[in-house]
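Asker: The file below is input.csv, CSV, C-alpha atoms:
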chain,number,residue,atom,x,y,z
A,1,MET,CA,-53.8,-52.1,54.6
A,2,ARG,CA,-51.8,-52.2,51.4
A,3,GLY,CA,-50.4,-55.4,49.9
A,4,LYS,CA,-46.6,-55.7,50.4
A,5,ILE,CA,-44.5,-56.0,47.2
A,6,ASN,CA,-41.8,-58.5,47.8
A,7,VAL,CA,-38.7,-57.8,45.6
A,8,ASP,CA,-36.4,-60.7,45.9
A,9,ALA,CA,-34.4,-62.9,43.6
A,10,GLU,CA,-37.4,-65.1,42.8
A,11,ALA,CA,-39.5,-62.1,41.9
A,12,ILE,CA,-36.8,-60.8,39.6
A,13,LYS,CA,-36.4,-64.2,38.0
A,14,TYR,CA,-40.1,-64.3,37.4
A,15,LEU,CA,-40.2,-60.8,35.9
A,16,TYR,CA,-37.2,-61.6,33.7
A,17,LYS,CA,-38.9,-64.8,32.4
A,18,GLN,CA,-42.1,-62.9,31.8
A,19,TYR,CA,-40.5,-60.0,29.9
A,20,LYS,CA,-37.2,-61.3,28.6
A,21,GLU,CA,-38.3,-60.8,25.0
A,22,TYR,CA,-38.8,-57.1,25.5
A,23,ILE,CA,-35.7,-56.3,27.6
A,24,LEU,CA,-33.0,-56.6,25.0
A,25,PRO,CA,-34.8,-54.6,22.2
A,26,SER,CA,-35.8,-51.9,24.7
A,27,PHE,CA,-32.2,-51.6,25.8
A,28,VAL,CA,-31.0,-51.3,22.3
A,29,ILE,CA,-33.6,-48.6,21.6
A,30,PHE,CA,-32.5,-46.8,24.7
A,31,VAL,CA,-28.9,-46.9,23.6
A,32,SER,CA,-29.8,-45.7,20.2
A,33,VAL,CA,-31.6,-42.7,21.6
A,34,ILE,CA,-28.6,-41.9,23.8
A,35,LEU,CA,-26.3,-42.2,20.8
A,36,LEU,CA,-28.6,-39.9,18.9
A,37,PHE,CA,-28.2,-37.1,21.4
A,38,LEU,CA,-24.6,-37.7,22.4
A,39,SER,CA,-23.2,-38.4,19.0
A,40,VAL,CA,-25.3,-37.8,15.9
A,41,ILE,CA,-26.7,-34.4,16.8
A,42,PRO,CA,-23.3,-33.0,17.8
A,43,GLN,CA,-21.9,-34.4,14.6
A,44,ILE,CA,-24.6,-32.5,12.6
A,45,LYS,CA,-23.7,-29.3,14.5
A,46,ASP,CA,-20.0,-29.9,13.7
A,47,LEU,CA,-20.8,-30.5,10.1
A,48,VAL,CA,-22.7,-27.2,9.8
A,49,ASN,CA,-19.7,-25.4,11.4
A,50,ILE,CA,-17.3,-27.1,9.0
A,51,ALA,CA,-19.4,-26.2,6.0
A,52,ARG,CA,-19.5,-22.5,7.2
A,53,GLN,CA,-15.7,-22.6,7.7
A,54,ARG,CA,-15.2,-24.1,4.3
A,55,ASP,CA,-17.3,-21.4,2.7
A,56,ALA,CA,-15.3,-18.7,4.5
A,57,GLU,CA,-12.0,-20.3,3.4
A,58,LEU,CA,-13.1,-20.7,-0.1
A,59,LYS,CA,-14.0,-17.0,-0.2
A,60,LYS,CA,-10.5,-16.2,1.1
A,61,LEU,CA,-9.0,-18.4,-1.5
A,62,GLU,CA,-11.0,-16.5,-4.2
A,63,VAL,CA,-9.7,-13.2,-2.9
A,64,LEU,CA,-6.1,-14.5,-2.9
A,65,LYS,CA,-6.4,-15.8,-6.5
A,66,ASN,CA,-7.9,-12.5,-7.6
A,67,ASN,CA,-5.1,-10.6,-5.9
A,68,LEU,CA,-2.5,-12.8,-7.6
A,69,ASP,CA,-4.2,-12.4,-11.0
A,70,LEU,CA,-4.3,-8.6,-10.6
A,71,LEU,CA,-0.6,-8.4,-9.5
A,72,SER,CA,0.5,-10.6,-12.3
A,73,SER,CA,-1.4,-8.5,-14.9
A,74,LEU,CA,0.2,-5.3,-13.8
A,75,ASP,CA,2.9,-3.9,-16.1
A,76,ASN,CA,6.0,-2.9,-14.1
A,77,SER,CA,6.9,0.1,-16.2
A,78,THR,CA,3.4,1.4,-16.2
A,79,LEU,CA,3.2,1.0,-12.4
A,80,ASP,CA,6.5,2.8,-12.1
A,81,THR,CA,5.4,5.7,-14.2
A,82,GLN,CA,2.2,6.0,-12.3
A,83,PHE,CA,4.0,5.8,-9.0
A,84,GLU,CA,6.4,8.4,-10.0
A,85,ALA,CA,3.7,10.8,-11.1
A,86,ILE,CA,1.8,10.2,-7.8
A,87,THR,CA,4.9,10.7,-5.6
A,88,SER,CA,5.9,13.8,-7.5
A,89,ALA,CA,2.5,15.4,-6.7
A,90,LEU,CA,2.6,14.4,-3.1
A,91,PRO,CA,6.3,13.7,-2.3
A,92,GLN,CA,7.5,11.9,0.7
A,93,ASN,CA,9.5,14.9,1.9
A,94,LYS,CA,9.7,18.6,1.4
A,95,ASP,CA,10.7,18.9,-2.2
A,96,PHE,CA,12.5,22.2,-2.5
A,97,GLU,CA,13.7,21.6,-6.0
A,98,GLY,CA,10.3,20.5,-7.2
A,99,ILE,CA,8.8,23.6,-5.7
A,100,ILE,CA,11.2,25.9,-7.4
A,101,TYR,CA,10.5,24.2,-10.7
A,102,ALA,CA,6.8,24.4,-10.1
A,103,VAL,CA,6.8,28.1,-9.2
A,104,SER,CA,9.2,29.0,-12.1
A,105,GLY,CA,7.2,26.9,-14.6
A,106,ALA,CA,3.9,28.5,-13.6
A,107,ALA,CA,5.5,32.0,-13.9
A,108,GLN,CA,6.8,31.1,-17.4
A,109,ARG,CA,3.6,29.7,-18.6
A,110,SER,CA,1.5,32.6,-17.3
A,111,GLY,CA,4.0,35.2,-18.6
A,112,VAL,CA,4.7,36.8,-15.2
A,113,GLY,CA,8.0,37.8,-13.7
A,114,LEU,CA,9.0,36.0,-10.6
A,115,GLY,CA,10.4,38.0,-7.8
A,116,ASP,CA,11.8,36.8,-4.6
A,117,PHE,CA,10.3,34.1,-2.6
A,118,GLU,CA,10.9,32.5,0.7
A,119,PHE,CA,10.3,29.2,2.3
A,120,GLN,CA,9.1,28.8,5.8
A,121,VAL,CA,10.7,25.5,6.6
A,122,GLY,CA,9.4,24.8,10.1
A,123,ASP,CA,10.6,22.0,12.2
A,124,LEU,CA,12.6,19.7,9.9
A,125,SER,CA,12.4,16.9,12.4
A,126,ASP,CA,8.6,17.1,12.7
A,127,THR,CA,7.0,14.4,10.6
A,128,SER,CA,3.9,13.8,12.8
A,129,VAL,CA,0.7,14.6,11.1
A,130,ALA,CA,-2.7,15.0,12.6
A,131,SER,CA,-5.2,12.5,11.4
A,132,GLY,CA,-6.8,13.7,8.1
A,133,GLU,CA,-4.3,16.5,7.7
A,134,PHE,CA,-1.4,16.8,5.2
A,135,PRO,CA,2.0,18.3,6.2
A,136,TYR,CA,3.1,21.2,4.0
A,137,LEU,CA,5.9,23.6,3.3
A,138,SER,CA,4.8,27.3,3.4
A,139,THR,CA,6.1,29.8,0.9
A,140,LYS,CA,5.7,33.5,0.2
A,141,LEU,CA,5.8,34.4,-3.4
A,142,ASN,CA,6.2,37.7,-5.1
A,143,ILE,CA,5.3,37.9,-8.7
A,144,GLN,CA,5.3,40.9,-11.1
A,145,ALA,CA,1.7,40.6,-12.1
A,146,SER,CA,-1.6,42.1,-11.4
A,147,ASN,CA,-5.2,41.3,-11.9
A,148,GLN,CA,-5.7,38.8,-14.8
A,149,GLN,CA,-2.0,37.7,-14.8
A,150,ALA,CA,-2.2,36.8,-11.1
A,151,ALA,CA,-5.2,34.6,-11.8
A,152,ASP,CA,-3.4,32.9,-14.7
A,153,PHE,CA,-0.3,32.3,-12.5
A,154,ILE,CA,-2.5,30.6,-9.8
A,155,THR,CA,-4.2,28.5,-12.5
A,156,GLU,CA,-0.8,27.4,-13.7
A,157,LEU,CA,0.5,26.8,-10.2
A,158,PHE,CA,-2.5,24.5,-9.6
A,159,LYS,CA,-1.3,22.5,-12.6
A,160,SER,CA,2.1,21.9,-11.1
A,161,VAL,CA,3.7,19.3,-8.9
A,162,PRO,CA,4.1,19.1,-5.9
A,163,LEU,CA,0.5,20.0,-5.2
A,164,ALA,CA,0.1,23.6,-4.1
A,165,GLU,CA,-2.7,25.5,-2.4
A,166,VAL,CA,-3.0,29.2,-2.2
A,167,LEU,CA,-3.9,30.6,1.3
A,168,ASP,CA,-4.2,34.3,0.5
A,169,VAL,CA,-3.5,36.7,-2.3
A,170,SER,CA,-2.6,40.4,-2.2
A,171,VAL,CA,-2.7,42.1,-5.5
A,172,SER,CA,-1.5,45.6,-6.1
A,173,GLU,CA,-1.0,47.6,-9.2
A,174,ARG,CA,2.1,45.9,-10.4
A,175,SER,CA,2.8,43.0,-8.1
A,176,THR,CA,1.1,40.2,-6.4
A,177,LYS,CA,2.0,38.5,-3.1
A,178,LEU,CA,0.8,35.0,-2.5
A,179,SER,CA,1.0,32.7,0.5
A,180,VAL,CA,1.2,29.2,-0.9
A,181,VAL,CA,1.7,25.9,0.7
A,182,PHE,CA,3.1,22.8,-1.0
A,183,TYR,CA,2.0,19.5,0.3
A,184,TYR,CA,4.0,16.4,1.0
A,185,LYS,CA,3.4,13.2,2.9
A,186,PRO,CA,5.7,10.5,4.1
A,187,ILE,CA,4.7,7.0,3.1
A,188,PRO,CA,3.4,5.4,6.3
A,189,GLN,CA,4.3,1.9,7.4
A,190,ILE,CA,2.2,-0.4,5.3
A,191,GLU,CA,0.9,-3.7,6.7
A,192,ILE,CA,0.3,-5.9,3.7
A,193,ASN,CA,-2.5,-8.2,4.3
A,194,ASP,CA,-2.7,-10.9,1.6
A,195,TYR,CA,-6.4,-11.4,2.3
A,196,THR,CA,-7.4,-7.8,1.7
A,197,PRO,CA,-8.9,-7.5,-1.8
A,198,LEU,CA,-6.7,-5.4,-4.1
A,199,LYS,CA,-8.0,-2.9,-6.4
A,200,LYS,CA,-6.6,-1.5,-9.6
A,201,LEU,CA,-6.7,2.2,-10.0
A,202,SER,CA,-10.2,3.1,-11.1
A,203,ALA,CA,-10.8,4.9,-14.4
A,204,GLU,CA,-11.3,8.2,-12.5
A,205,LYS,CA,-8.0,7.8,-10.6
A,206,LEU,CA,-6.1,6.8,-13.8
A,207,GLU,CA,-7.4,10.0,-15.4
A,208,LEU,CA,-6.0,12.0,-12.5
A,209,VAL,CA,-2.7,10.1,-12.7
A,210,ASN,CA,-2.4,11.0,-16.4
A,211,GLU,CA,-3.1,14.6,-15.5
A,212,LEU,CA,-0.4,14.6,-12.9
A,213,SER,CA,2.0,13.0,-15.4
A,214,ALA,CA,1.2,15.8,-17.8
A,215,TRP,CA,1.8,18.4,-15.1
A,216,LYS,CA,5.0,16.8,-14.2
A,217,SER,CA,6.3,16.9,-17.7
A,218,TYR,CA,5.7,20.6,-18.3
A,219,PRO,CA,9.0,22.0,-19.6
A,220,VAL,CA,10.7,24.7,-17.6
A,221,ILE,CA,13.3,26.7,-19.4
A,222,ASN,CA,16.5,28.0,-18.0
A,223,ILE,CA,15.8,27.4,-14.4
A,224,GLN,CA,18.9,27.6,-12.2
A,225,ILE,CA,18.7,26.0,-8.9
A,226,PRO,CA,20.9,28.1,-6.6
A,227,VAL,CA,24.1,26.4,-5.5
A,228,ALA,CA,25.8,27.7,-2.4
A,229,THR,CA,29.4,28.9,-3.2
A,230,ASP,CA,30.2,29.6,0.4
A,231,SER,CA,28.3,29.4,3.6
A,232,SER,CA,27.9,33.2,3.9
A,233,GLN,CA,26.2,33.5,0.6
A,234,THR,CA,24.0,30.4,0.7
A,235,SER,CA,20.6,30.8,-0.9
A,236,SER,CA,19.5,27.4,0.4
A,237,PRO,CA,16.3,27.6,2.3
A,238,PHE,CA,18.0,25.9,5.2
B,1,MET,CA,-65.7,-77.4,30.2
B,2,LYS,CA,-66.7,-74.1,28.8
B,3,SER,CA,-64.3,-72.2,31.0
B,4,ASP,CA,-61.4,-74.5,30.0
B,5,ILE,CA,-62.0,-73.8,26.3
B,6,ASN,CA,-62.2,-70.1,27.2
B,7,LEU,CA,-59.0,-70.3,29.2
B,8,LEU,CA,-57.1,-71.9,26.3
B,9,SER,CA,-58.2,-69.2,23.8
B,10,ARG,CA,-57.2,-66.3,26.2
B,11,THR,CA,-53.7,-67.7,26.6
B,12,LYS,CA,-53.3,-68.0,22.9
B,13,VAL,CA,-54.5,-64.5,22.3
B,14,GLU,CA,-52.2,-63.1,25.0
B,15,SER,CA,-49.3,-65.1,23.6
B,16,ALA,CA,-50.0,-63.8,20.1
B,17,ILE,CA,-50.1,-60.3,21.2
B,18,LYS,CA,-46.9,-60.7,23.2
B,19,GLY,CA,-45.2,-62.2,20.2
B,20,ARG,CA,-46.3,-59.4,17.9
B,21,LEU,CA,-45.2,-56.8,20.4
B,22,SER,CA,-41.9,-58.5,20.8
B,23,ASN,CA,-41.3,-58.6,17.0
B,24,ILE,CA,-42.2,-54.9,16.7
B,25,LEU,CA,-39.8,-54.0,19.4
B,26,LYS,CA,-37.1,-56.1,17.8
B,27,ILE,CA,-37.6,-54.4,14.4
B,28,ILE,CA,-37.6,-51.0,16.0
B,29,SER,CA,-34.5,-51.7,17.9
B,30,LEU,CA,-32.7,-53.0,14.8
B,31,ILE,CA,-33.8,-50.0,12.7
B,32,SER,CA,-32.8,-47.5,15.4
B,33,ILE,CA,-29.4,-48.9,16.1
B,34,THR,CA,-28.7,-49.4,12.4
B,35,GLY,CA,-30.0,-45.9,11.6
B,36,VAL,CA,-27.9,-44.2,14.3
B,37,LEU,CA,-24.7,-46.1,13.4
B,38,PHE,CA,-25.2,-45.5,9.7
B,39,THR,CA,-26.0,-41.8,10.2
B,40,SER,CA,-23.0,-41.4,12.4
B,41,PHE,CA,-20.8,-43.1,9.8
B,42,VAL,CA,-22.1,-40.9,7.0
B,43,LEU,CA,-21.6,-37.7,9.0
B,44,PHE,CA,-18.1,-38.8,9.8
B,45,ILE,CA,-17.3,-39.3,6.1
B,46,LEU,CA,-18.9,-36.0,5.1
B,47,ALA,CA,-16.9,-34.2,7.8
B,48,ARG,CA,-13.7,-35.6,6.4
B,49,GLN,CA,-14.7,-34.6,2.8
B,50,LEU,CA,-15.5,-31.1,3.8
B,51,SER,CA,-12.3,-30.6,5.7
B,52,VAL,CA,-10.7,-27.2,5.2
B,53,ASP,CA,-7.1,-28.5,5.2
B,54,SER,CA,-6.9,-28.9,1.4
B,55,ILE,CA,-8.3,-25.4,0.9
B,56,ARG,CA,-5.7,-24.0,3.3
B,57,GLU,CA,-3.0,-25.7,1.4
B,58,LYS,CA,-4.1,-24.1,-1.8
B,59,GLN,CA,-4.2,-20.7,0.0
B,60,ASN,CA,-0.6,-21.1,1.1
B,61,ALA,CA,0.4,-22.0,-2.4
B,62,VAL,CA,-1.2,-18.8,-3.7
B,63,ILE,CA,0.3,-16.7,-0.9
B,64,LYS,CA,3.7,-18.0,-1.8
B,65,ASN,CA,3.3,-16.8,-5.4
B,66,ILE,CA,2.0,-13.4,-4.1
B,67,ASN,CA,5.1,-13.0,-2.0
B,68,PHE,CA,7.2,-12.9,-5.2
B,69,LEU,CA,5.3,-9.8,-6.2
B,70,LYS,CA,5.5,-8.0,-2.8
B,71,GLU,CA,7.0,-4.8,-4.3
B,72,ARG,CA,4.2,-4.5,-6.8
B,73,HIS,CA,1.7,-5.2,-4.0
B,74,ALA,CA,3.2,-2.4,-1.9
B,75,ARG,CA,3.3,0.0,-4.8
B,76,LEU,CA,-0.3,-0.6,-5.7
B,77,ILE,CA,-1.5,-0.1,-2.1
B,78,VAL,CA,0.5,3.1,-1.8
B,79,SER,CA,-0.6,4.4,-5.2
B,80,ASN,CA,-4.2,3.9,-4.3
B,81,GLN,CA,-3.8,5.5,-1.0
B,82,LYS,CA,-1.9,8.5,-2.3
B,83,ILE,CA,-4.1,9.2,-5.3
B,84,GLU,CA,-7.0,9.3,-2.9
B,85,GLU,CA,-5.2,11.8,-0.8
B,86,ILE,CA,-4.3,13.8,-3.9
B,87,SER,CA,-7.9,13.8,-4.9
B,88,GLN,CA,-8.9,15.2,-1.5
B,89,ILE,CA,-6.3,18.0,-1.7
B,90,ILE,CA,-7.4,19.0,-5.2
B,91,LYS,CA,-11.1,19.0,-4.2
B,92,LYS,CA,-10.6,21.1,-1.1
B,93,ARG,CA,-8.4,23.7,-2.7
B,94,ALA,CA,-10.0,27.1,-2.8
B,95,LYS,CA,-10.4,28.3,-6.4
B,96,PHE,CA,-8.5,31.6,-6.0
B,97,ASP,CA,-7.9,31.9,-9.7
B,98,ASN,CA,-11.6,31.6,-10.5
B,99,ASN,CA,-12.5,33.9,-7.7
B,100,LEU,CA,-10.1,36.6,-8.9
B,101,ARG,CA,-11.5,36.3,-12.5
B,102,THR,CA,-15.0,36.6,-11.2
B,103,VAL,CA,-14.1,39.7,-9.2
B,104,TYR,CA,-12.2,41.3,-12.2
B,105,SER,CA,-15.2,40.6,-14.5
B,106,LYS,CA,-17.3,42.8,-12.3
B,107,VAL,CA,-14.9,45.8,-12.2
B,108,PRO,CA,-16.0,48.3,-14.9
B,109,GLY,CA,-13.3,49.3,-17.4
B,110,SER,CA,-12.9,52.8,-16.1
B,111,VAL,CA,-12.3,51.6,-12.5
B,112,SER,CA,-8.8,50.9,-11.5
B,113,SER,CA,-8.2,48.3,-8.8
B,114,GLN,CA,-5.5,49.6,-6.5
B,115,SER,CA,-5.3,46.5,-4.3
B,116,ILE,CA,-7.2,43.3,-3.7
B,117,ALA,CA,-6.6,41.2,-0.6
B,118,LEU,CA,-8.3,37.8,-0.8
B,119,ASP,CA,-8.2,34.8,1.4
B,120,ARG,CA,-10.6,31.8,2.0
B,121,GLN,CA,-12.9,33.9,4.2
B,122,LYS,CA,-12.9,37.5,2.9
B,123,ILE,CA,-12.0,39.9,0.2
B,124,SER,CA,-11.1,43.5,0.5
B,125,MET,CA,-10.7,45.8,-2.5
B,126,ASN,CA,-9.5,49.4,-3.0
B,127,ILE,CA,-10.6,51.0,-6.2
B,128,THR,CA,-10.3,54.4,-7.8
B,129,SER,CA,-12.0,56.0,-10.7
B,130,SER,CA,-12.4,59.5,-12.0
B,131,SER,CA,-16.1,58.8,-12.6
B,132,LEU,CA,-18.7,58.5,-9.9
B,133,ILE,CA,-20.9,56.7,-12.4
B,134,SER,CA,-18.3,54.0,-12.8
B,135,ILE,CA,-18.0,53.7,-9.1
B,136,ASN,CA,-21.7,53.4,-8.8
B,137,GLU,CA,-21.7,50.7,-11.5
B,138,PHE,CA,-18.9,48.9,-9.5
B,139,ILE,CA,-21.0,49.1,-6.3
B,140,ASN,CA,-24.1,47.8,-8.1
B,141,ASN,CA,-22.2,44.9,-9.6
B,142,PHE,CA,-20.9,43.8,-6.2
B,143,THR,CA,-24.1,44.3,-4.5
B,144,GLU,CA,-25.8,42.1,-7.0
B,145,MET,CA,-23.2,39.5,-6.5
B,146,ALA,CA,-23.8,39.6,-2.7
B,147,LYS,CA,-27.6,39.5,-3.2
B,148,SER,CA,-27.5,36.5,-5.5
B,149,LYS,CA,-24.9,34.8,-3.2
B,150,LYS,CA,-22.5,34.5,-6.1
B,151,LEU,CA,-19.1,34.3,-4.4
B,152,LEU,CA,-19.8,37.0,-1.9
B,153,GLN,CA,-22.0,37.8,1.0
B,154,ASP,CA,-22.2,40.5,3.7
B,155,LEU,CA,-20.8,43.2,1.5
B,156,THR,CA,-19.6,46.3,3.3
B,157,VAL,CA,-19.0,49.4,1.3
B,158,GLY,CA,-16.8,52.1,2.7
B,159,SER,CA,-17.1,55.8,2.2
B,160,ILE,CA,-16.1,57.4,-1.1
B,161,ALA,CA,-13.2,59.7,-0.9
B,162,LEU,CA,-12.0,62.3,-3.4
B,163,ASP,CA,-8.4,63.1,-4.1
B,164,PRO,CA,-8.4,66.7,-5.1
B,165,LYS,CA,-5.0,66.4,-6.7
B,166,ASN,CA,-6.0,64.1,-9.4
B,167,GLY,CA,-9.8,64.2,-9.2
B,168,ASN,CA,-10.1,60.5,-8.5
B,169,TYR,CA,-12.6,59.0,-6.3
B,170,SER,CA,-11.5,56.0,-4.2
B,171,LEU,CA,-13.6,53.4,-2.5
B,172,ASN,CA,-13.0,50.4,-0.3
B,173,ILE,CA,-15.2,47.3,-0.1
B,174,GLU,CA,-15.1,44.2,2.0
B,175,ALA,CA,-17.1,41.1,1.8
B,176,GLN,CA,-17.3,37.5,3.1
B,177,ILE,CA,-16.4,34.8,0.6
B,178,LEU,CA,-19.0,32.1,0.3
Please render this file's structure as structure tokens.
Answerer:
Amino acid sequence: MRGKINVDAEAIKYLYKQYKEYILPSFVIFVSVILLFLSVIPQIKDLVNIARQRDAELKKLEVLKNNLDLLSSLDNSTLDTQFEAITSALPQNKDFEGIIYAVSGAAQRSGVGLGDFEFQVGDLSDTSVASGEFPYLSTKLNIQASNQQAADFITELFKSVPLAEVLDVSVSERSTKLSVVFYYKPIPQIEINDYTPLKKLSAEKLELVNELSAWKSYPVINIQIPVATDSSQTSSPF
Amino acid sequence: MKSDINLLSRTKVESAIKGRLSNILKIISLISITGVLFTSFVLFILARQLSVDSIREKQNAVIKNINFLKERHARLIVSNQKIEEISQIIKKRAKFDNNLRTVYSKVPGSVSSQSIALDRQKISMNITSSSLISINEFINNFTEMAKSKKLLQDLTVGSIALDPKNGNYSLNIEAQIL
């Protein structure tokens, strides 16, 4: 038969007397361990998170400062000139005047005679563009040129603004017919995000911009843009 | 008597051991609670030092300055975007001028090109000449181009016709553009 353990006040008093020197320190150690797990370790985790957050915010600050430095260093007039050259090459809208100047200029520089040409306007209200495509205005050109002169005309046309692309060429003995498209693209809604790193135009892009400026500044002599005198005789492409 | 002496020494020993244990426990408890409290305090101070609030304030100050240059900001973004698009257009343009020059360079002097129709995919040419030798040279030149995959492939040579009025031979060729 097992011995009975009698737990009563006397027993507790006895145990307390026997072990009172150990009770308080043990309790303090116990509380320390609890505090370690409940307070210190979570604080360490928080500190690690705060350090990571701080790094991320410092990087963002760096980007912002770089952006500000870049924007402050830009010269307004240079930026305007570049912007003008770029938007001449790829205008926001169908640039009929620009196209007439481009075609006439190319004809003059290549020494060909320019016959009639027509614009295929399309839906004026249509500004939607499939992703990755560029909207364009189609034209049919008729030039008095054959063989080598036709090639020269195309070369000069490729150095004009707005940007043109030839779709097909039909050369006969004395004349050449070309289907040419002139590109344009409306400026989309821009969402300016201050935290996105800004880039200057690279050297390669600057070279292209300079080229476009040169194309834009080719002189064109004696070009008359047709002006409608009355509605029945309008030569406007509309 | 012997057992009394033994009893006395055992009690002392036990009491000494108890005392040492008690001291050790006291020291450990003191160290542990001090350590935990001190560590917690240090971590608290560190967390305050590493606070991101000051960095965010600096960010806001920079953003305020950037906002004064919003127009430049927009122009730079648009310029970068558009020049990239312009570059794409220029790269993908078919080089019709070079293609025409390449074709003309292969047409012998005594051959007259009546018509050339050229687009991105194919070329079709009508030529005339009074000399069959020249026509032969023309065919050889274009065959060579097609063989060496220079501009052309899949060359189709039509039949040669003779116009008895002027004695000229005419020929039509078609080919795929590479």
Asker: Which residues, written as a PyMOL selection string, have at least one atom at most 10 Å from range 205-220 of chain A, with all atoms listed in the file counted and residues fewer than 4 positions away on the same chain left out?
Answerer: (chain A and resi 81-89+98+101-109+156-163+200-201) or (chain B and resi 79-80+83-84+86-87)
Asker: Skip Leu100 in chain B itself and residues of its chain fewer than 2 positions away, then list as number ranges by chain all residues within 8 Å of it, counting all atoms listed in the file.
Answerer: A: 147-148, 151; B: 96-98, 102-104
Asker: One number please: CA of Ile173 in chain B to CA of Asn140 in chain B, in Å, one decimal.
Answerer: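 One can read the CA of Ile173 in chain B to CA of Asn140 in chain B distance as 12.0 Å.
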Asker: Just the residues within 10 Å of Ser110 in chain B, please, counting all atoms listed in the file, with nothing from its chain fewer than 6 positions along; format it as a list in words.
Answerer: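 With the cut-off at 10 Å, the set is Thr128, Ser129, Ser130, Ser131, Ile133, Ser134, Ile135 and Phe138 of chain B.
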Asker: In Å, with one decimal, what is the gap from CA of Ile143 in chain A to CA of Leu155 in chain B?
Answerer: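 So the answer is 28.5 Å.
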Asker: I'd like the interatomic distance between CA of Leu178 in chain B and CA of Ser110 in chain A, to a tenth of an Å.
Answerer: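 CA of Ser110 in chain A lies at a distance of 27.0 Å from CA of Leu178 in chain B.
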Asker: Between B:Asn126, B:Ser15, B:Gln121, B:Thr156, which has the minimum distance to Ile177 in chain B (counting all atoms listed in the file)?
Answerer: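 Between B:Asn126, B:Ser15, B:Gln121, B:Thr156, the residue approaching Ile177 in chain B most closely is B:Gln121.
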Asker: Could you name the residues that touch Gln153 in chain B at 9 Å or less, counting all atoms listed in the file, but leaving out those on the same chain fewer than 5 positions away, as number ranges by chain?
Answerer: B: 143, 145-148, 175-178
Asker: Report as an MDAnalysis selection string all protein, DNA and RNA residues lying within 9 Å of Lys140 in chain A, evaluated on all atoms listed in the file, omitting residues in the same chain fewer than 6 positions from it.
Answerer: chainID A and resid 116:120 177:181
